[in-house]
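A.B. asks: This is the structure I want to talk about, given as structure tokens.
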Amino acid sequence: MKLTDLQPIHKRQRQSSQNLLNPEQKPLTICKPSRNSLASAIRLGIQLDYSDLDILSCGWRYRGIPVFVFGLEYSPSTQEDSFGQVHISPKCPSVSNYQGPLWASSDFAAVQKSFPRDNLKPCPHCLRHLYSLDIPDLLHKDRFGNVTAIDWLIYARYFAGAIFEKYPLFWRNGERPQKVTALFTTEPPRYSCSICQCHINANGWAINPKLAELSSLPREICLLCAERRARTVLVAPPQAALRAATLRYESLTKQLGSEPQASWAIAEQVVPASWLPLIQKLKTLMGPPKVFQVIAPKILAVLSWPSMKRAIIADNTKDAKLPSHYSVWRKAQIEQELGLG
């Protein structure tokens, strides 16, 4: 990107804010800002210092909201043509040692409209990172194959387990993340999930219908389908998400009439959404696993490879006697080893 006749982003106003009042217009009424006014500003693009951001393994967060960055000022640690590039990953060479002012946003399409003259595009390194994730519907392209948009909500949803707090949480872009007091239905539902058709006469798998409506979902839906389809981010505590996943797996086993064979497709369908980044990484390293296997008394392996005697258990699994003939990792441990933690 050339800087000829280009004002730095931090010295210009957004196109939407350039309409000035003429003398015949009445003065604007200043209203008390709502609790979501900052979140709306972040969505359209807000100038910060790099030190203001929380640095995560998968990106950045500002005031609890996942953001990407752009508008980096030229410095020895950045390239001259990277000024108009959008950066997704803190591991990107252009931002790994960056210190100084930049812009952050939580909505790629919105910020493109806010700064139309800057022709913002994902930097090549971050684009390769996005392609490696192979997340469905994350990238949108024109007929020439050029990336025109990134669905930031899908990205945030994919990495929600690393971005947000571990308590029940609901996030819609343009709003602050908020705690959820009733994540599931209060009584065992007498219906099947409208997406996957799972049904078990127990609590802890079907989400609260009101929460489903807020997320533009069918009222009758299980947590795992909601995590993957909502136009919001839904975060369940790890233990609650794991219980919902095991209930869904039990329902799937009953539907099939037998236990499924080792399969990445089955694993992607039945594990909690917070496990999906690890699943994607493991697919490049190992063969398909079995899911939800008891490998010792009181030890449930979420993923296991019986022939190799390897297993991965949840972080909240209580200490018990691990089988001596198995190599067992906790989720956080293997994520750390694979660079996901």
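Quick note on naming: the chains in the structure tokens go A, B, ... in the order shown, residues restart at 1 in each chain, and ligands are numbered from 1 in order of appearance.
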Going by DSSP on the backbone, which bits of stretch 218-259 of chain A are helix (DSSP H, G or I)? Write them as a list in words, please.

C.D. replies: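 Of stretch 218-259 of chain A, the ones in helix (DSSP H, G or I) are Leu223, Leu224, Cys225, Ala226, Glu227, Arg228, Arg229, Pro238, Gln239, Ala240, Ala241, Leu242, Arg243, Ala244, Ala245, Thr246, Leu247, Arg248, Tyr249, Glu250, Ser251, Leu252, Thr253, Lys254, Gln255 and Leu256 of chain A.
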
A.B. asks: Using only C-alpha atoms, which residues sit within 9 Å of A:Glu175 once same-chain residues fewer than 2 positions away are excluded, as a PDB file with N, CA and C atoms, in the first residue's frame?

C.D. replies:
```
ATOM      1  N   ARG A  35     -24.395   1.817  28.250  1.00  0.00           N
ATOM      2  CA  ARG A  35     -23.300   0.940  28.647  1.00  0.00           C
ATOM      3  C   ARG A  35     -22.630   0.289  27.444  1.00  0.00           C
ATOM      4  N   ASN A  36     -23.305   0.315  26.286  1.00  0.00           N
ATOM      5  CA  ASN A  36     -22.751  -0.304  25.087  1.00  0.00           C
ATOM      6  C   ASN A  36     -22.147   0.710  24.123  1.00  0.00           C
ATOM      7  N   SER A  37     -22.065   2.002  24.517  1.00  0.00           N
ATOM      8  CA  SER A  37     -21.544   3.003  23.602  1.00  0.00           C
ATOM      9  C   SER A  37     -20.092   2.735  23.244  1.00  0.00           C
ATOM     10  N   LEU A  38     -19.291   2.307  24.211  1.00  0.00           N
ATOM     11  CA  LEU A  38     -17.894   1.986  23.922  1.00  0.00           C
ATOM     12  C   LEU A  38     -17.801   0.786  22.992  1.00  0.00           C
ATOM     13  N   ALA A  39     -18.641  -0.214  23.232  1.00  0.00           N
ATOM     14  CA  ALA A  39     -18.627  -1.398  22.373  1.00  0.00           C
ATOM     15  C   ALA A  39     -18.993  -1.035  20.942  1.00  0.00           C
ATOM     16  N   SER A  40     -19.933  -0.098  20.764  1.00  0.00           N
ATOM     17  CA  SER A  40     -20.295   0.349  19.419  1.00  0.00           C
ATOM     18  C   SER A  40     -19.138   1.086  18.765  1.00  0.00           C
ATOM     19  N   ARG A  43     -16.557  -1.345  17.557  1.00  0.00           N
ATOM     20  CA  ARG A  43     -16.999  -2.015  16.337  1.00  0.00           C
ATOM     21  C   ARG A  43     -16.639  -1.197  15.093  1.00  0.00           C
ATOM     22  N   ILE A  65     -13.612  -7.327  24.913  1.00  0.00           N
ATOM     23  CA  ILE A  65     -14.130  -7.517  23.555  1.00  0.00           C
ATOM     24  C   ILE A  65     -12.995  -7.957  22.629  1.00  0.00           C
ATOM     25  N   TRP A 171     -22.232 -12.684  24.140  1.00  0.00           N
ATOM     26  CA  TRP A 171     -21.659 -11.501  23.504  1.00  0.00           C
ATOM     27  C   TRP A 171     -22.235 -11.324  22.109  1.00  0.00           C
ATOM     28  N   ARG A 172     -22.765 -10.105  21.881  1.00  0.00           N
ATOM     29  CA  ARG A 172     -23.207  -9.718  20.555  1.00  0.00           C
ATOM     30  C   ARG A 172     -22.369  -8.519  20.142  1.00  0.00           C
ATOM     31  N   ASN A 173     -21.844  -8.542  18.916  1.00  0.00           N
ATOM     32  CA  ASN A 173     -20.957  -7.481  18.476  1.00  0.00           C
ATOM     33  C   ASN A 173     -21.667  -6.132  18.557  1.00  0.00           C
ATOM     34  N   PRO A 177     -19.807  -7.830  26.574  1.00  0.00           N
ATOM     35  CA  PRO A 177     -20.099  -9.191  27.036  1.00  0.00           C
ATOM     36  C   PRO A 177     -20.849  -9.147  28.359  1.00  0.00           C
ATOM     37  N   GLN A 178     -21.814 -10.016  28.512  1.00  0.00           N
ATOM     38  CA  GLN A 178     -22.603 -10.007  29.740  1.00  0.00           C
ATOM     39  C   GLN A 178     -22.781 -11.431  30.281  1.00  0.00           C
TER      40      GLN A 178
END
```

A.B. asks: Taking only residues of stretch 33-63 of chain A that have an atom at most 12 Å from an atom of stretch 104-123 of chain A, what is each one's shortest atom pair and its distance in Å to one decimal, using only C-alpha atoms, in chain and number order, as JSON lines?

C.D. replies:
```
{"residue": "A:Leu38", "atom": "CA", "partner": "A:Ser105", "partner_atom": "CA", "distance": 11.2}
{"residue": "A:Ala39", "atom": "CA", "partner": "A:Ser106", "partner_atom": "CA", "distance": 8.7}
{"residue": "A:Ser40", "atom": "CA", "partner": "A:Ser106", "partner_atom": "CA", "distance": 9.1}
{"residue": "A:Ala41", "atom": "CA", "partner": "A:Ser105", "partner_atom": "CA", "distance": 8.3}
{"residue": "A:Ile42", "atom": "CA", "partner": "A:Ser105", "partner_atom": "CA", "distance": 5.1}
{"residue": "A:Arg43", "atom": "CA", "partner": "A:Ser106", "partner_atom": "CA", "distance": 4.7}
{"residue": "A:Leu44", "atom": "CA", "partner": "A:Val111", "partner_atom": "CA", "distance": 5.1}
{"residue": "A:Gly45", "atom": "CA", "partner": "A:Ser105", "partner_atom": "CA", "distance": 4.5}
{"residue": "A:Ile46", "atom": "CA", "partner": "A:Ala104", "partner_atom": "CA", "distance": 5.5}
{"residue": "A:Gln47", "atom": "CA", "partner": "A:Ala104", "partner_atom": "CA", "distance": 6.4}
{"residue": "A:Leu48", "atom": "CA", "partner": "A:Ala104", "partner_atom": "CA", "distance": 7.1}
{"residue": "A:Asp49", "atom": "CA", "partner": "A:Ala104", "partner_atom": "CA", "distance": 9.5}
{"residue": "A:Tyr50", "atom": "CA", "partner": "A:Ala104", "partner_atom": "CA", "distance": 9.4}
{"residue": "A:Asp52", "atom": "CA", "partner": "A:Ala104", "partner_atom": "CA", "distance": 10.5}
{"residue": "A:Leu53", "atom": "CA", "partner": "A:Ala104", "partner_atom": "CA", "distance": 9.2}
{"residue": "A:Asp54", "atom": "CA", "partner": "A:Ala104", "partner_atom": "CA", "distance": 11.9}
{"residue": "A:Gly59", "atom": "CA", "partner": "A:Ser106", "partner_atom": "CA", "distance": 11.3}
{"residue": "A:Trp60", "atom": "CA", "partner": "A:Ala104", "partner_atom": "CA", "distance": 9.1}
{"residue": "A:Arg61", "atom": "CA", "partner": "A:Ser106", "partner_atom": "CA", "distance": 9.4}
{"residue": "A:Tyr62", "atom": "CA", "partner": "A:Ala104", "partner_atom": "CA", "distance": 8.6}
{"residue": "A:Arg63", "atom": "CA", "partner": "A:Ser106", "partner_atom": "CA", "distance": 11.7}
```

A.B. asks: May I have the residues within 12 Å of A:Thr232 as a count of residues only, using only C-alpha atoms and disregarding those fewer than 3 positions away in the same chain?

C.D. replies: 31

A.B. asks: Calculated over only C-alpha atoms, which of the candidates A:Ser51, A:Ile200, A:Glu268, A:Glu73 has the smallest distance to A:Ile135?

C.D. replies: A:Glu268

A.B. asks: In terms of the shortest atom-to-atom distance over only C-alpha atoms, which of A:Asn146, A:Gln239, A:Thr253, A:Thr246 is closest to A:Cys222?

C.D. replies: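 Between A:Asn146, A:Gln239, A:Thr253, A:Thr246, the residue approaching A:Cys222 most closely is A:Thr246.
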
A.B. asks: What lies within 12 Å of A:Ala202 using only C-alpha atoms, ignoring chain neighbours under 6 positions off, as a list of chain:residue names?

C.D. replies: A:Phe184, A:Thr185, A:Thr186, A:Glu187, A:Pro188, A:Pro189, A:Arg190, A:Tyr191, A:Ser192, A:Cys222, A:Arg243, A:Ala244, A:Thr246, A:Leu247, A:Arg248, A:Glu250, A:Ser251

A.B. asks: Please, could you write that set of residues out with N, CA and C atoms as a CSV table (one decimal), in the first residue's frame?

C.D. replies:
```csv
chain,number,residue,atom,x,y,z
A,184,PHE,N,-29.2,-22.9,30.6
A,184,PHE,CA,-30.0,-24.0,30.2
A,184,PHE,C,-31.5,-23.9,30.6
A,185,THR,N,-32.3,-24.7,30.0
A,185,THR,CA,-33.7,-24.8,30.4
A,185,THR,C,-33.8,-25.2,31.9
A,186,THR,N,-34.8,-24.7,32.6
A,186,THR,CA,-34.9,-25.0,34.0
A,186,THR,C,-35.4,-26.4,34.3
A,187,GLU,N,-36.1,-27.0,33.3
A,187,GLU,CA,-36.6,-28.4,33.5
A,187,GLU,C,-36.1,-29.2,32.4
A,188,PRO,N,-36.0,-30.5,32.6
A,188,PRO,CA,-35.6,-31.4,31.5
A,188,PRO,C,-36.6,-31.2,30.3
A,189,PRO,N,-36.1,-30.8,29.1
A,189,PRO,CA,-37.0,-30.5,28.0
A,189,PRO,C,-37.6,-31.8,27.4
A,190,ARG,N,-38.8,-31.6,27.0
A,190,ARG,CA,-39.6,-32.7,26.4
A,190,ARG,C,-39.5,-32.7,24.8
A,191,TYR,N,-38.4,-32.2,24.3
A,191,TYR,CA,-38.3,-32.1,22.9
A,191,TYR,C,-36.9,-32.5,22.5
A,192,SER,N,-36.7,-32.6,21.2
A,192,SER,CA,-35.3,-32.9,20.6
A,192,SER,C,-34.8,-31.6,20.1
A,222,CYS,N,-29.8,-27.5,21.3
A,222,CYS,CA,-28.8,-27.9,22.3
A,222,CYS,C,-27.7,-27.0,22.3
A,243,ARG,N,-20.4,-31.7,30.0
A,243,ARG,CA,-21.6,-32.5,30.3
A,243,ARG,C,-22.6,-32.5,29.1
A,244,ALA,N,-22.8,-31.3,28.6
A,244,ALA,CA,-23.7,-31.2,27.4
A,244,ALA,C,-23.2,-32.0,26.2
A,246,THR,N,-21.2,-34.8,26.4
A,246,THR,CA,-21.4,-36.2,26.7
A,246,THR,C,-22.8,-36.6,26.5
A,247,LEU,N,-23.8,-35.8,26.9
A,247,LEU,CA,-25.2,-36.1,26.7
A,247,LEU,C,-25.5,-36.2,25.2
A,248,ARG,N,-25.0,-35.3,24.5
A,248,ARG,CA,-25.2,-35.3,23.0
A,248,ARG,C,-24.6,-36.6,22.4
A,250,GLU,N,-24.2,-39.5,23.9
A,250,GLU,CA,-25.0,-40.6,24.3
A,250,GLU,C,-26.3,-40.7,23.4
A,251,SER,N,-26.8,-39.5,23.1
A,251,SER,CA,-28.0,-39.5,22.2
A,251,SER,C,-27.6,-39.9,20.8
```

A.B. asks: Give me the residues within 10 Å of stretch 301-303 of chain A as a list of chain:residue names, counting only C-alpha atoms and dropping any in the same chain fewer than 5 places off.

C.D. replies: A:Leu242, A:Ala245, A:Thr246, A:Ala262, A:Ala267, A:Val270, A:Val271, A:Pro272, A:Trp275, A:Ile279, A:Pro288, A:Pro289, A:Lys290, A:Val291, A:Phe292, A:Gln293, A:Val294, A:Ile295, A:Ala296, A:Arg310, A:Ala311, A:Ile312, A:Ile313, A:Ala314, A:Thr317, A:Val328, A:Trp329, A:Arg330, A:Lys331

A.B. asks: Output C-alpha atoms for every residue in the selection just made, as a CSV table (one decimal), in the first residue's frame.

C.D. replies:
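Listed below is the output, part_32.csv:
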```
chain,number,residue,atom,x,y,z
A,242,LEU,CA,-18.5,-31.1,28.7
A,245,ALA,CA,-21.3,-32.8,25.0
A,246,THR,CA,-21.4,-36.2,26.7
A,262,ALA,CA,-12.9,-43.3,15.4
A,267,ALA,CA,-15.1,-35.5,17.1
A,270,VAL,CA,-19.7,-33.8,19.6
A,271,VAL,CA,-16.9,-32.1,21.5
A,272,PRO,CA,-17.5,-28.7,23.2
A,275,TRP,CA,-12.1,-28.0,21.8
A,279,ILE,CA,-9.1,-30.6,17.1
A,288,PRO,CA,-8.8,-39.9,14.0
A,289,PRO,CA,-9.6,-40.4,17.7
A,290,LYS,CA,-12.3,-42.1,19.7
A,291,VAL,CA,-14.3,-39.7,21.8
A,292,PHE,CA,-15.6,-40.0,25.4
A,293,GLN,CA,-13.8,-43.2,26.4
A,294,VAL,CA,-13.4,-44.3,30.0
A,295,ILE,CA,-9.7,-45.3,30.2
A,296,ALA,CA,-9.6,-45.9,33.9
A,310,ARG,CA,-2.7,-41.9,24.2
A,311,ALA,CA,-5.5,-39.7,25.6
A,312,ILE,CA,-6.5,-36.2,26.3
A,313,ILE,CA,-8.6,-35.4,29.3
A,314,ALA,CA,-10.4,-32.2,30.4
A,317,THR,CA,-11.0,-33.8,35.6
A,328,VAL,CA,-2.4,-38.8,29.2
A,329,TRP,CA,-2.4,-35.0,28.7
A,330,ARG,CA,-4.8,-32.4,30.1
A,331,LYS,CA,-6.3,-30.1,27.5
```

A.B. asks: Taking only stretch 32-190 of chain A into account, list the residues labelled strand (DSSP E) by DSSP (computed from the backbone), as a PyMOL selection string.

C.D. replies: chain A and resi 46-49+54-55+60-62+65-70+85-86+101-105+121-122+139-141+147-150+169-171+178-179
